[in-house]
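S.K.: Sharing upload.tsv (TSV, C-alpha atoms and all ligand atoms) below.
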chain	number	residue	atom	x	y	z
A	15	MET	CA	97.39	87.40	71.20
A	16	TRP	CA	96.43	86.89	67.60
A	17	TYR	CA	94.18	88.76	65.24
A	18	GLY	CA	94.65	86.82	61.98
A	19	GLY	CA	92.22	84.11	60.84
A	20	ALA	CA	94.98	81.49	60.56
A	21	SER	CA	96.06	82.01	64.14
A	22	VAL	CA	92.50	81.89	65.31
A	23	CYS	CA	92.05	78.52	63.57
A	24	LEU	CA	95.27	77.21	65.06
A	25	TYR	CA	94.27	77.91	68.61
A	26	PHE	CA	90.50	77.92	68.62
A	27	THR	CA	89.38	75.28	66.13
A	28	ASP	CA	87.11	73.41	68.52
A	29	ARG	CA	85.91	76.46	70.40
A	30	LYS	CA	83.29	78.14	68.27
A	31	LYS	CA	82.14	80.52	70.95
A	32	TYR	CA	85.58	82.02	71.25
A	33	ILE	CA	86.16	82.16	67.49
A	34	ILE	CA	82.97	84.15	67.00
A	35	GLU	CA	83.68	86.55	69.84
A	36	TYR	CA	87.26	86.89	68.73
A	37	LEU	CA	86.51	87.70	65.12
A	38	MET	CA	83.90	90.25	66.06
A	39	ALA	CA	85.91	92.19	68.60
A	40	GLU	CA	89.03	94.26	68.88
A	41	ARG	CA	89.50	92.71	72.25
A	42	SER	CA	92.86	91.27	73.26
A	43	ARG	CA	92.44	87.88	74.93
A	44	THR	CA	95.35	85.91	76.30
A	45	TYR	CA	93.10	83.29	77.90
A	46	TRP	CA	93.92	80.43	75.51
A	47	TYR	CA	97.56	81.39	75.33
A	48	HIS	CA	97.99	81.12	79.11
A	49	LYS	CA	95.91	77.99	79.26
A	50	GLN	CA	97.90	76.14	76.60
A	51	TYR	CA	101.34	77.72	76.40
A	52	PRO	CA	103.06	78.33	79.72
A	53	ILE	CA	104.78	81.67	79.62
A	54	ASP	CA	108.50	82.03	80.11
A	55	LEU	CA	108.78	84.38	83.07
A	56	MET	CA	112.47	84.92	82.44
A	57	THR	CA	111.74	86.55	79.08
A	58	GLU	CA	108.80	88.45	80.64
A	59	PHE	CA	111.20	89.82	83.26
A	60	THR	CA	108.67	89.94	86.09
A	61	VAL	CA	109.83	91.81	89.18
A	62	CYS	CA	109.01	88.71	91.21
A	63	GLU	CA	111.34	86.49	89.16
A	64	SER	CA	114.05	89.16	88.99
A	65	LEU	CA	114.10	89.13	92.80
A	66	ALA	CA	113.17	85.48	93.30
A	67	SER	CA	116.23	84.58	95.34
A	68	SER	CA	118.82	86.38	97.43
A	69	ALA	CA	121.43	85.25	94.90
A	70	SER	CA	119.86	87.28	92.07
A	71	PRO	CA	122.19	89.94	90.61
A	72	TYR	CA	119.28	92.43	90.82
A	73	MET	CA	119.60	92.33	94.62
A	74	ALA	CA	122.41	94.86	94.11
A	75	ALA	CA	119.72	97.51	93.67
A	76	LEU	CA	118.06	96.87	97.06
A	77	GLU	CA	118.75	98.50	100.41
A	78	ASN	CA	117.92	95.29	102.32
A	79	PRO	CA	118.19	92.45	99.82
A	80	LYS	CA	115.50	89.82	100.34
A	81	PRO	CA	113.42	87.69	97.97
A	82	TYR	CA	110.37	89.49	96.58
A	83	GLY	CA	107.86	87.23	98.37
A	84	SER	CA	109.51	88.00	101.69
A	85	LEU	CA	109.34	91.77	100.99
A	86	VAL	CA	105.66	91.55	100.02
A	87	GLY	CA	104.97	89.45	103.12
A	88	GLU	CA	106.71	92.03	105.31
A	89	MET	CA	104.50	94.80	103.96
A	90	LEU	CA	101.32	92.73	104.25
A	91	ALA	CA	102.16	91.76	107.84
A	92	ALA	CA	102.87	95.42	108.68
A	93	CYS	CA	99.43	96.31	107.30
A	94	GLY	CA	97.79	93.63	109.46
A	95	MET	CA	96.80	91.56	106.43
A	96	LEU	CA	98.81	88.46	107.38
A	97	TYR	CA	97.75	87.22	110.77
A	98	GLN	CA	97.46	84.01	112.78
A	99	GLY	CA	95.21	81.49	111.06
A	100	CYS	CA	94.62	83.47	107.86
A	101	CYS	CA	93.89	81.88	104.49
A	102	VAL	CA	95.76	83.34	101.51
A	103	CYS	CA	94.92	82.82	97.85
A	104	GLU	CA	97.36	83.71	95.07
A	105	ILE	CA	96.02	84.11	91.56
A	106	GLY	CA	98.45	83.50	88.69
A	107	GLY	CA	101.41	82.52	90.84
A	108	GLY	CA	103.72	81.77	87.88
A	109	TYR	CA	106.71	79.74	89.12
A	110	GLY	CA	105.55	79.98	92.75
A	111	SER	CA	108.42	82.28	93.70
A	112	LEU	CA	106.37	84.96	95.48
A	113	MET	CA	104.58	82.40	97.65
A	114	LYS	CA	107.84	80.55	98.34
A	115	GLY	CA	109.51	83.75	99.61
A	116	LEU	CA	106.44	84.66	101.64
A	117	LEU	CA	106.05	81.21	103.22
A	118	ALA	CA	109.75	81.02	104.07
A	119	ASP	CA	109.10	83.82	106.57
A	120	TYR	CA	105.38	83.70	107.37
A	121	SER	CA	104.17	80.10	106.99
A	122	SER	CA	103.57	79.77	110.73
A	123	LEU	CA	100.88	82.47	110.49
A	124	ILE	CA	99.03	81.03	107.51
A	125	SER	CA	96.61	78.14	107.99
A	126	ARG	CA	95.67	77.52	104.33
A	127	ILE	CA	96.91	78.59	100.90
A	128	VAL	CA	95.07	78.37	97.58
A	129	MET	CA	97.00	78.74	94.32
A	130	ILE	CA	94.77	79.42	91.29
A	131	ASP	CA	96.23	79.35	87.79
A	132	LEU	CA	95.04	78.98	84.23
A	133	SER	CA	98.15	77.06	83.26
A	134	LYS	CA	98.47	73.40	84.33
A	135	HIS	CA	102.16	73.55	83.54
A	136	LEU	CA	102.73	76.52	85.87
A	137	LEU	CA	100.65	74.86	88.60
A	138	ARG	CA	103.07	71.91	88.39
A	139	ARG	CA	105.99	74.32	88.81
A	140	GLN	CA	104.23	75.88	91.79
A	141	ARG	CA	103.77	72.43	93.36
A	142	THR	CA	107.51	71.80	93.08
A	143	ALA	CA	108.50	75.21	94.42
A	144	LEU	CA	106.08	74.92	97.35
A	145	GLU	CA	106.77	71.26	98.21
A	146	PRO	CA	107.80	71.99	101.85
A	147	TRP	CA	104.34	73.43	102.59
A	148	LYS	CA	102.25	71.06	100.44
A	149	GLU	CA	99.99	69.89	103.32
A	150	LYS	CA	98.34	73.26	103.57
A	151	ILE	CA	98.14	74.17	99.88
A	152	ASP	CA	95.32	73.57	97.38
A	153	PHE	CA	96.25	73.97	93.71
A	154	VAL	CA	93.28	74.98	91.58
A	155	HIS	CA	93.32	74.92	87.79
A	156	GLY	CA	90.95	77.57	86.45
A	157	ASN	CA	90.17	81.04	85.21
A	158	VAL	CA	90.00	83.60	87.99
A	159	MET	CA	87.21	85.45	86.20
A	160	GLU	CA	85.04	82.35	86.51
A	161	LEU	CA	86.22	81.26	89.96
A	162	MET	CA	85.84	84.58	91.80
A	163	PRO	CA	82.17	84.07	92.72
A	164	ALA	CA	82.99	80.63	94.15
A	165	LEU	CA	85.81	81.78	96.46
A	166	SER	CA	84.98	81.55	100.13
A	167	LYS	CA	86.83	81.76	103.44
A	168	ILE	CA	89.74	83.61	101.82
A	169	ASP	CA	91.27	86.38	103.95
A	170	LEU	CA	93.72	87.77	101.41
A	171	LEU	CA	94.10	87.65	97.63
A	172	ILE	CA	97.49	88.16	96.01
A	173	VAL	CA	97.39	89.19	92.35
A	174	ASN	CA	100.97	89.84	91.32
A	175	GLU	CA	101.69	90.81	87.73
A	176	MET	CA	98.73	88.89	86.33
A	177	ILE	CA	96.05	91.57	86.02
A	178	GLY	CA	97.78	92.97	82.90
A	179	ASP	CA	97.16	89.60	81.24
A	180	LEU	CA	93.39	89.93	81.42
A	181	ASP	CA	91.23	91.10	78.50
A	182	THR	CA	91.86	94.56	77.11
A	183	TRP	CA	89.85	96.47	74.56
A	184	LYS	CA	92.18	97.88	71.93
A	185	ASP	CA	92.10	101.11	69.92
A	186	LEU	CA	88.84	102.50	71.25
A	187	THR	CA	87.53	105.92	70.36
A	188	THR	CA	85.64	107.90	72.95
A	189	SER	CA	82.67	108.51	70.66
A	190	GLU	CA	82.21	104.80	69.80
A	191	LEU	CA	82.67	102.79	72.97
A	192	PRO	CA	81.55	99.15	73.13
A	193	ASP	CA	78.58	98.72	75.47
A	194	ASP	CA	80.52	97.04	78.29
A	195	VAL	CA	83.16	99.78	78.33
A	196	ALA	CA	80.56	102.55	78.15
A	197	ASP	CA	78.72	100.99	81.12
A	198	LEU	CA	81.90	100.74	83.22
A	199	VAL	CA	83.07	104.26	82.33
A	200	THR	CA	79.71	105.74	83.32
A	201	ARG	CA	79.10	103.68	86.45
A	202	TYR	CA	82.56	104.31	87.93
A	203	SER	CA	83.22	107.77	86.42
A	204	LEU	CA	86.41	106.51	84.81
A	205	GLU	CA	88.49	109.12	83.04
A	206	ILE	CA	89.18	108.43	79.35
A	207	PRO	CA	91.00	110.56	76.78
A	208	PRO	CA	88.78	113.26	75.22
A	209	GLN	CA	90.02	112.27	71.75
A	210	GLY	CA	92.31	109.81	69.99
A	211	GLY	CA	92.53	106.04	70.30
A	212	PHE	CA	93.10	104.29	73.61
A	213	HIS	CA	93.13	100.84	75.19
A	214	PHE	CA	90.90	99.91	78.13
A	215	ASN	CA	91.72	97.24	80.78
A	216	VAL	CA	88.26	95.71	80.85
A	217	GLY	CA	89.42	92.45	82.51
A	218	ALA	CA	91.36	94.23	85.26
A	219	VAL	CA	88.42	96.54	86.01
A	220	ARG	CA	86.05	93.55	86.12
A	221	LEU	CA	88.38	91.63	88.44
A	222	VAL	CA	88.64	94.56	90.87
A	223	GLU	CA	84.87	94.89	90.71
A	224	ALA	CA	84.52	91.18	91.62
A	225	ILE	CA	87.12	91.45	94.40
A	226	SER	CA	85.38	94.51	95.86
A	227	GLN	CA	81.95	92.88	95.68
A	228	ALA	CA	83.28	89.72	97.34
A	229	GLY	CA	84.77	91.87	100.11
A	230	ILE	CA	88.09	90.02	100.08
A	231	PRO	CA	91.14	92.16	100.90
A	232	ALA	CA	93.62	92.11	98.03
A	233	PHE	CA	97.19	92.99	97.13
A	234	ILE	CA	97.66	93.81	93.44
A	235	SER	CA	100.83	94.76	91.65
A	236	GLU	CA	101.39	95.42	87.97
A	237	HIS	CA	103.09	97.46	85.30
A	238	SER	CA	101.14	100.73	85.31
A	239	SER	CA	100.26	103.35	82.73
A	240	ASP	CA	100.04	106.00	85.48
A	241	PRO	CA	103.16	105.36	87.58
A	242	VAL	CA	103.95	107.04	90.88
A	243	ILE	CA	107.49	108.13	91.51
A	244	PRO	CA	109.08	107.32	94.89
A	245	GLU	CA	110.01	110.21	97.11
A	246	ALA	CA	113.62	111.35	96.67
A	247	MET	CA	113.86	109.50	93.34
A	248	ASP	CA	112.36	112.17	91.10
A	249	TYR	CA	114.98	111.35	88.45
A	250	LEU	CA	113.06	108.14	87.71
A	251	ALA	CA	110.28	110.23	86.13
A	252	ARG	CA	112.46	111.16	83.18
A	253	ASP	CA	110.58	110.70	79.88
A	254	LEU	CA	107.71	108.94	81.66
A	255	CYS	CA	104.06	109.82	81.21
A	256	LEU	CA	102.56	109.78	84.71
A	257	GLN	CA	98.92	109.98	83.58
A	258	GLY	CA	99.00	107.67	80.59
A	259	PHE	CA	96.51	105.14	79.27
A	260	PRO	CA	97.30	101.45	78.84
A	261	ARG	CA	100.16	100.59	76.52
A	262	GLU	CA	100.54	97.30	74.68
A	263	ILE	CA	103.64	95.29	75.55
A	264	PRO	CA	104.19	92.64	72.88
A	265	LEU	CA	105.67	89.47	74.35
A	266	LYS	CA	106.40	86.03	72.96
A	267	GLY	CA	103.13	84.85	71.37
A	268	HIS	CA	100.90	87.26	73.27
A	269	SER	CA	100.68	90.81	74.58
A	270	GLU	CA	100.21	92.31	78.00
A	271	PHE	CA	98.90	95.80	78.71
A	272	THR	CA	99.98	98.30	81.30
A	273	ILE	CA	97.25	99.06	83.83
A	274	ARG	CA	95.55	102.35	84.56
A	275	PHE	CA	95.64	102.09	88.38
A	276	SER	CA	93.42	105.14	88.87
A	277	HIS	CA	90.62	103.10	87.25
A	278	LEU	CA	91.13	100.23	89.70
A	279	GLU	CA	91.05	102.65	92.65
A	280	ARG	CA	87.85	104.29	91.44
A	281	VAL	CA	86.10	100.95	91.13
A	282	ALA	CA	87.21	99.80	94.59
A	283	ARG	CA	86.22	103.12	96.20
A	284	PHE	CA	82.81	102.98	94.49
A	285	TRP	CA	82.22	99.76	96.45
A	286	GLY	CA	83.24	101.45	99.71
A	287	LYS	CA	86.74	99.97	99.88
A	288	ASP	CA	89.87	101.68	101.17
A	289	CYS	CA	92.85	101.80	98.84
A	290	ILE	CA	96.48	102.28	99.74
A	291	GLY	CA	99.29	101.94	97.29
A	292	GLY	CA	102.54	103.19	95.94
A	293	SER	CA	105.48	102.49	93.75
A	294	LEU	CA	106.92	98.97	93.65
A	295	ALA	CA	110.38	100.55	93.71
A	296	ASP	CA	109.53	101.75	97.22
A	297	LEU	CA	107.99	98.45	98.29
A	298	VAL	CA	111.11	96.45	97.41
A	299	GLY	CA	113.34	99.18	98.85
A	300	ILE	CA	115.47	100.41	95.97
A	301	ARG	CA	118.54	102.11	97.43
A	302	LYS	CA	118.10	105.88	97.41
A	303	SER	CA	121.76	106.66	96.96
A	304	PRO	CA	123.66	109.11	94.74
A	305	LYS	CA	125.10	106.05	92.96
A	306	MET	CA	121.60	105.02	91.84
A	307	ARG	CA	120.86	108.52	90.57
A	308	PHE	CA	124.17	108.60	88.73
A	309	ILE	CA	123.67	105.20	87.08
A	310	PHE	CA	120.17	106.15	85.92
A	311	ASN	CA	121.02	109.64	84.72
A	312	ALA	CA	124.32	108.80	83.06
A	313	ARG	CA	122.97	105.72	81.26
A	314	ALA	CA	126.56	104.76	80.65
A	315	CYS	CA	127.52	101.57	82.41
A	316	ALA	CA	131.09	101.02	83.49
A	317	THR	CA	130.47	97.60	85.02
A	318	ASP	CA	128.06	94.66	84.73
A	319	GLU	CA	126.55	95.67	88.06
A	320	HIS	CA	125.77	99.16	86.71
A	321	ALA	CA	124.15	97.64	83.64
A	322	ILE	CA	121.98	95.37	85.77
A	323	ILE	CA	120.93	98.20	88.06
A	324	LEU	CA	120.09	100.48	85.14
A	325	GLU	CA	118.01	97.77	83.49
A	326	PHE	CA	116.16	97.08	86.74
A	327	LEU	CA	115.49	100.75	87.59
A	328	ASP	CA	114.22	101.41	84.09
A	329	HIS	CA	111.85	98.47	84.42
A	330	ILE	CA	110.54	98.76	87.97
A	331	ARG	CA	109.89	102.51	87.87
A	332	GLU	CA	106.58	101.96	86.05
A	333	TYR	CA	105.29	99.37	88.53
A	334	ARG	CA	102.72	100.07	91.21
A	335	TRP	CA	101.12	98.14	94.04
A	336	LEU	CA	97.64	98.56	95.45
A	337	ILE	CA	95.92	97.19	98.53
A	338	ILE	CA	92.14	97.09	98.48
A	339	ARG	CA	90.30	96.32	101.72
B	401	LIG	C1	102.83	87.32	83.91
B	401	LIG	S1	102.56	85.86	84.81
B	401	LIG	C2	102.98	86.40	86.45
B	401	LIG	C3	103.45	85.28	87.33
B	401	LIG	C4	103.85	85.67	88.74
B	401	LIG	N1	102.72	86.18	89.48
B	401	LIG	C5	105.00	86.67	88.73
B	401	LIG	O1	104.79	87.81	89.17
B	401	LIG	O2	106.11	86.31	88.28
B	401	LIG	C6	100.79	85.67	84.84
B	401	LIG	C7	100.30	84.45	85.59
B	401	LIG	O3	98.86	84.51	85.62
B	401	LIG	C8	98.32	83.29	85.11
B	401	LIG	N2	97.03	83.67	84.50
B	401	LIG	C9	96.83	84.44	83.40
B	401	LIG	N3	95.52	84.64	83.18
B	401	LIG	C10	94.86	83.99	84.17
B	401	LIG	C11	93.48	83.80	84.50
B	401	LIG	N4	92.51	84.35	83.76
B	401	LIG	N5	93.16	83.07	85.61
B	401	LIG	C12	94.14	82.49	86.38
B	401	LIG	N6	95.47	82.64	86.11
B	401	LIG	C13	95.83	83.36	85.03
B	401	LIG	C14	99.39	82.77	84.16
B	401	LIG	O4	99.27	81.38	83.88
B	401	LIG	C15	100.64	83.11	84.97
B	401	LIG	O5	100.86	82.18	86.01
What is this file in structure tokens?

M.R.:
Amino acid sequence: MWYGGASVCLYFTDRKKYIIEYLMAERSRTYWYHKQYPIDLMTEFTVCESLASSASPYMAALENPKPYGSLVGEMLAACGMLYQGCCVCEIGGGYGSLMKGLLADYSSLISRIVMIDLSKHLLRRQRTALEPWKEKIDFVHGNVMELMPALSKIDLLIVNEMIGDLDTWKDLTTSELPDDVADLVTRYSLEIPPQGGFHFNVGAVRLVEAISQAGIPAFISEHSSDPVIPEAMDYLARDLCLQGFPREIPLKGHSEFTIRFSHLERVARFWGKDCIGGSLADLVGIRKSPKMRFIFNARACATDEHAIILEFLDHIREYRWLIIR
């Protein structure tokens, strides 16, 4: 994400439309960054990559260690969302690790897979990771915000840690909202702070609106600004704001924003959808043992394993998942 004129020129020289929009708005766009500069998911520390394989050191934090894609698949199958002959579309699949873990256990159920990504480079990585299942996979290069209306015959959308990459309005004040934000806030009765500056996940809200209108069941997970704390792990709430508004997370060359999940739920419910969700720590099955509590509370690590667990707990505690159907 860039705000300076020089950066704009560097990345947008031949794209007047975007230059004009960009210079006029306080809107964070990572579109061109993702399109042209594949992100390094190791530095972004996505939960999916942290738990990409059973050999990952982060597996030490799990009750039943399994790759992330397998754990997500297990939950989706238990909810009846993976079934014989279904067609699954993943948006922003990164290195392909979620789909790899899911297909390792559930490929016999799935008749067709569509992988959509803005980054050609990451689509190539997905092709390599998903080579064993290539006959039933279509790889589509494009922007989900433009492709949503064209999606058909999809039974399940997976949107894992990508919704925080979509456009976000920065530093808004309640009394001076841009028209698109004011419309969304009014139509969906979205709560915003009575005073002070705040960020608004306009892209995430628009994507959930499009998903709900298309009537495609979806699994979404992301870093949240209003986390939920797993039962029997109340210690994870320490120093966390549970009703916060989106926070900027500066990353290499761009920023992501945490997501206000209550906004996504309101939009989906407005369109008559059911929402279920929870903490990602619960979904992946973080061990609920006294050792975990001790490591988190003490914040003093005697071993490498303790340090890894502490780092992982501190990270995953803000993540949520949401099913819309
Ligand atoms: C933070 S990465 C997450 C990757 C993976 N899902 C994970 O959890 O590790 C975001 C992914 O979304 C893709 N992406 C970002 N904006 C997109 C858009 N508007 N349309 C399609 N893909 C997009 C990126 O190229 C990348 O693959």

S.K.: I'd like the interatomic distance between atom CA of A:Thr200 and atom CA of A:Trp335, to a tenth of an Å.

M.R.: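 Atom CA of A:Trp335 lies 25.1 Å from atom CA of A:Thr200.
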
S.K.: Interatomic distance between atom CA of A:His320 and atom CA of A:Glu245?

M.R.: 21.9 Å

S.K.: Given only C-alpha atoms and all ligand atoms, how would the per-residue table for chain A near ligand LIG 401 (chain B) read, listing every residue at most 8 Å away with its closest atom pair and distance in Å to one decimal, sorted by chain and number, as a Markdown table?

M.R.:
| residue | atom | partner | partner_atom | distance |
| --- | --- | --- | --- | --- |
| A:Thr44 | CA | B:LIG401 | N3 | 7.0 |
| A:Tyr45 | CA | B:LIG401 | N3 | 6.0 |
| A:His48 | CA | B:LIG401 | O4 | 4.9 |
| A:Lys49 | CA | B:LIG401 | O4 | 6.6 |
| A:Pro52 | CA | B:LIG401 | O4 | 6.4 |
| A:Ile53 | CA | B:LIG401 | C15 | 6.9 |
| A:Leu55 | CA | B:LIG401 | O2 | 6.2 |
| A:Glu58 | CA | B:LIG401 | C1 | 6.9 |
| A:Phe59 | CA | B:LIG401 | O2 | 8.0 |
| A:Thr60 | CA | B:LIG401 | O2 | 5.0 |
| A:Val61 | CA | B:LIG401 | O1 | 6.4 |
| A:Cys62 | CA | B:LIG401 | O2 | 4.8 |
| A:Glu63 | CA | B:LIG401 | O2 | 5.3 |
| A:Ile105 | CA | B:LIG401 | N6 | 5.7 |
| A:Gly106 | CA | B:LIG401 | O3 | 3.3 |
| A:Gly107 | CA | B:LIG401 | N1 | 4.1 |
| A:Gly108 | CA | B:LIG401 | O5 | 3.4 |
| A:Tyr109 | CA | B:LIG401 | C4 | 6.6 |
| A:Gly110 | CA | B:LIG401 | C4 | 7.2 |
| A:Ser111 | CA | B:LIG401 | O2 | 7.1 |
| A:Leu112 | CA | B:LIG401 | C5 | 7.1 |
| A:Ile130 | CA | B:LIG401 | C12 | 5.8 |
| A:Asp131 | CA | B:LIG401 | N6 | 3.8 |
| A:Leu132 | CA | B:LIG401 | N6 | 4.1 |
| A:Ser133 | CA | B:LIG401 | O4 | 4.5 |
| A:Leu136 | CA | B:LIG401 | O5 | 6.0 |
| A:Leu137 | CA | B:LIG401 | O5 | 7.8 |
| A:His155 | CA | B:LIG401 | C12 | 7.7 |
| A:Gly156 | CA | B:LIG401 | C12 | 5.9 |
| A:Asn157 | CA | B:LIG401 | N5 | 3.6 |
| A:Val158 | CA | B:LIG401 | N5 | 4.0 |
| A:Met159 | CA | B:LIG401 | N4 | 5.9 |
| A:Val173 | CA | B:LIG401 | N1 | 6.8 |
| A:Asn174 | CA | B:LIG401 | N1 | 4.5 |
| A:Glu175 | CA | B:LIG401 | O1 | 4.5 |
| A:Met176 | CA | B:LIG401 | C6 | 4.1 |
| A:Ile177 | CA | B:LIG401 | N3 | 7.5 |
| A:Gly178 | CA | B:LIG401 | C1 | 7.6 |
| A:Asp179 | CA | B:LIG401 | N3 | 5.6 |
| A:Leu180 | CA | B:LIG401 | N3 | 6.0 |

S.K.: When distances are computed from all atoms listed in the file, which of A:Glu332, A:Asp169, A:Glu77, A:Asp119 shows the smallest separation from A:Ser235?

M.R.: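 Closest candidate: A:Glu332.
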
S.K.: Here is a test: counting all atoms listed in the file, which residue of A:Leu294, A:Thr188, A:Thr272, A:Met247 is nearest to A:Phe308?

M.R.: A:Met247

S.K.: Between atom CA of A:Phe153 and atom CA of A:Tyr97, what is the distance in Å, rounded to a tenth?

M.R.: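 Atom CA of A:Phe153 sits 21.7 Å away from atom CA of A:Tyr97.
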
S.K.: Kindly extract all protein, DNA and RNA residues lying within 9 Å of the coordinates (110.4, 109.1, 84.2) given in the file, considering only C-alpha atoms, and supply them as a PDB file with C-alpha atoms, in the coordinates of the input.

M.R.:
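Output file selection-v5.pdb is given in full below:
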ATOM      1  CA  PRO A 241     103.160 105.360  87.580  1.00  0.00           C
ATOM      2  CA  ILE A 243     107.490 108.130  91.510  1.00  0.00           C
ATOM      3  CA  ASP A 248     112.360 112.170  91.100  1.00  0.00           C
ATOM      4  CA  TYR A 249     114.980 111.350  88.450  1.00  0.00           C
ATOM      5  CA  LEU A 250     113.060 108.140  87.710  1.00  0.00           C
ATOM      6  CA  ALA A 251     110.280 110.230  86.130  1.00  0.00           C
ATOM      7  CA  ARG A 252     112.460 111.160  83.180  1.00  0.00           C
ATOM      8  CA  ASP A 253     110.580 110.700  79.880  1.00  0.00           C
ATOM      9  CA  LEU A 254     107.710 108.940  81.660  1.00  0.00           C
ATOM     10  CA  CYS A 255     104.060 109.820  81.210  1.00  0.00           C
ATOM     11  CA  LEU A 256     102.560 109.780  84.710  1.00  0.00           C
ATOM     12  CA  ASP A 328     114.220 101.410  84.090  1.00  0.00           C
ATOM     13  CA  ARG A 331     109.890 102.510  87.870  1.00  0.00           C
ATOM     14  CA  GLU A 332     106.580 101.960  86.050  1.00  0.00           C
TER      15      GLU A 332
END

S.K.: Nearest residue to A:His329 out of A:Gly115, A:Glu270, A:Ser64, A:Arg41, using only C-alpha atoms?

M.R.: A:Ser64

S.K.: Tell me which protein, DNA and RNA residues are within 8 Å of A:Gly258, counting only C-alpha atoms, leaving out same-chain ones fewer than 3 positions away, and put them as a VMD selection string.

M.R.: chain A and resid 239 to 240 255 274

S.K.: Take the residues from that selection and write them out as a CSV table (one decimal), in the coordinates of the input, keeping C-alpha atoms.

M.R.:
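Result went into again_2.csv, see below:
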chain,number,residue,atom,x,y,z
A,239,SER,CA,100.3,103.4,82.7
A,240,ASP,CA,100.0,106.0,85.5
A,255,CYS,CA,104.1,109.8,81.2
A,274,ARG,CA,95.6,102.4,84.6

S.K.: Excluding A:Val86 and residues on its chain fewer than 4 positions from it, collect all residues at most 9 Å away from it, counting all atoms listed in the file, and give them as an MDAnalysis selection string.

M.R.: chainID A and resid 81:82 90:91 112 115:116 297:298

S.K.: Store the residues picked out above, limited to C-alpha atoms, as a CSV table (one decimal), in the frame of the given file.

M.R.:
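Below you can see result04.csv, which holds the result:
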chain,number,residue,atom,x,y,z
A,81,PRO,CA,113.4,87.7,98.0
A,82,TYR,CA,110.4,89.5,96.6
A,90,LEU,CA,101.3,92.7,104.2
A,91,ALA,CA,102.2,91.8,107.8
A,112,LEU,CA,106.4,85.0,95.5
A,115,GLY,CA,109.5,83.8,99.6
A,116,LEU,CA,106.4,84.7,101.6
A,297,LEU,CA,108.0,98.4,98.3
A,298,VAL,CA,111.1,96.4,97.4

S.K.: Compare A:Phe326, A:Phe212, A:Tyr333, A:Phe310 by their minimum atom-to-atom distance to A:Ser293, counting only C-alpha atoms, and give me the closest one.

M.R.: A:Tyr333

S.K.: Please identify all polymer residues lying at most 7 Å from the point (119.7, 103.0, 95.7) (file coordinates), using all atoms listed in the file, and present the result as a list in words.

M.R.: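 Using all atoms listed in the file, the matching residues come out as Ala75, Leu76, Glu77, Ile300, Arg301, Lys302, Ser303, Lys305 and Met306 of chain A.
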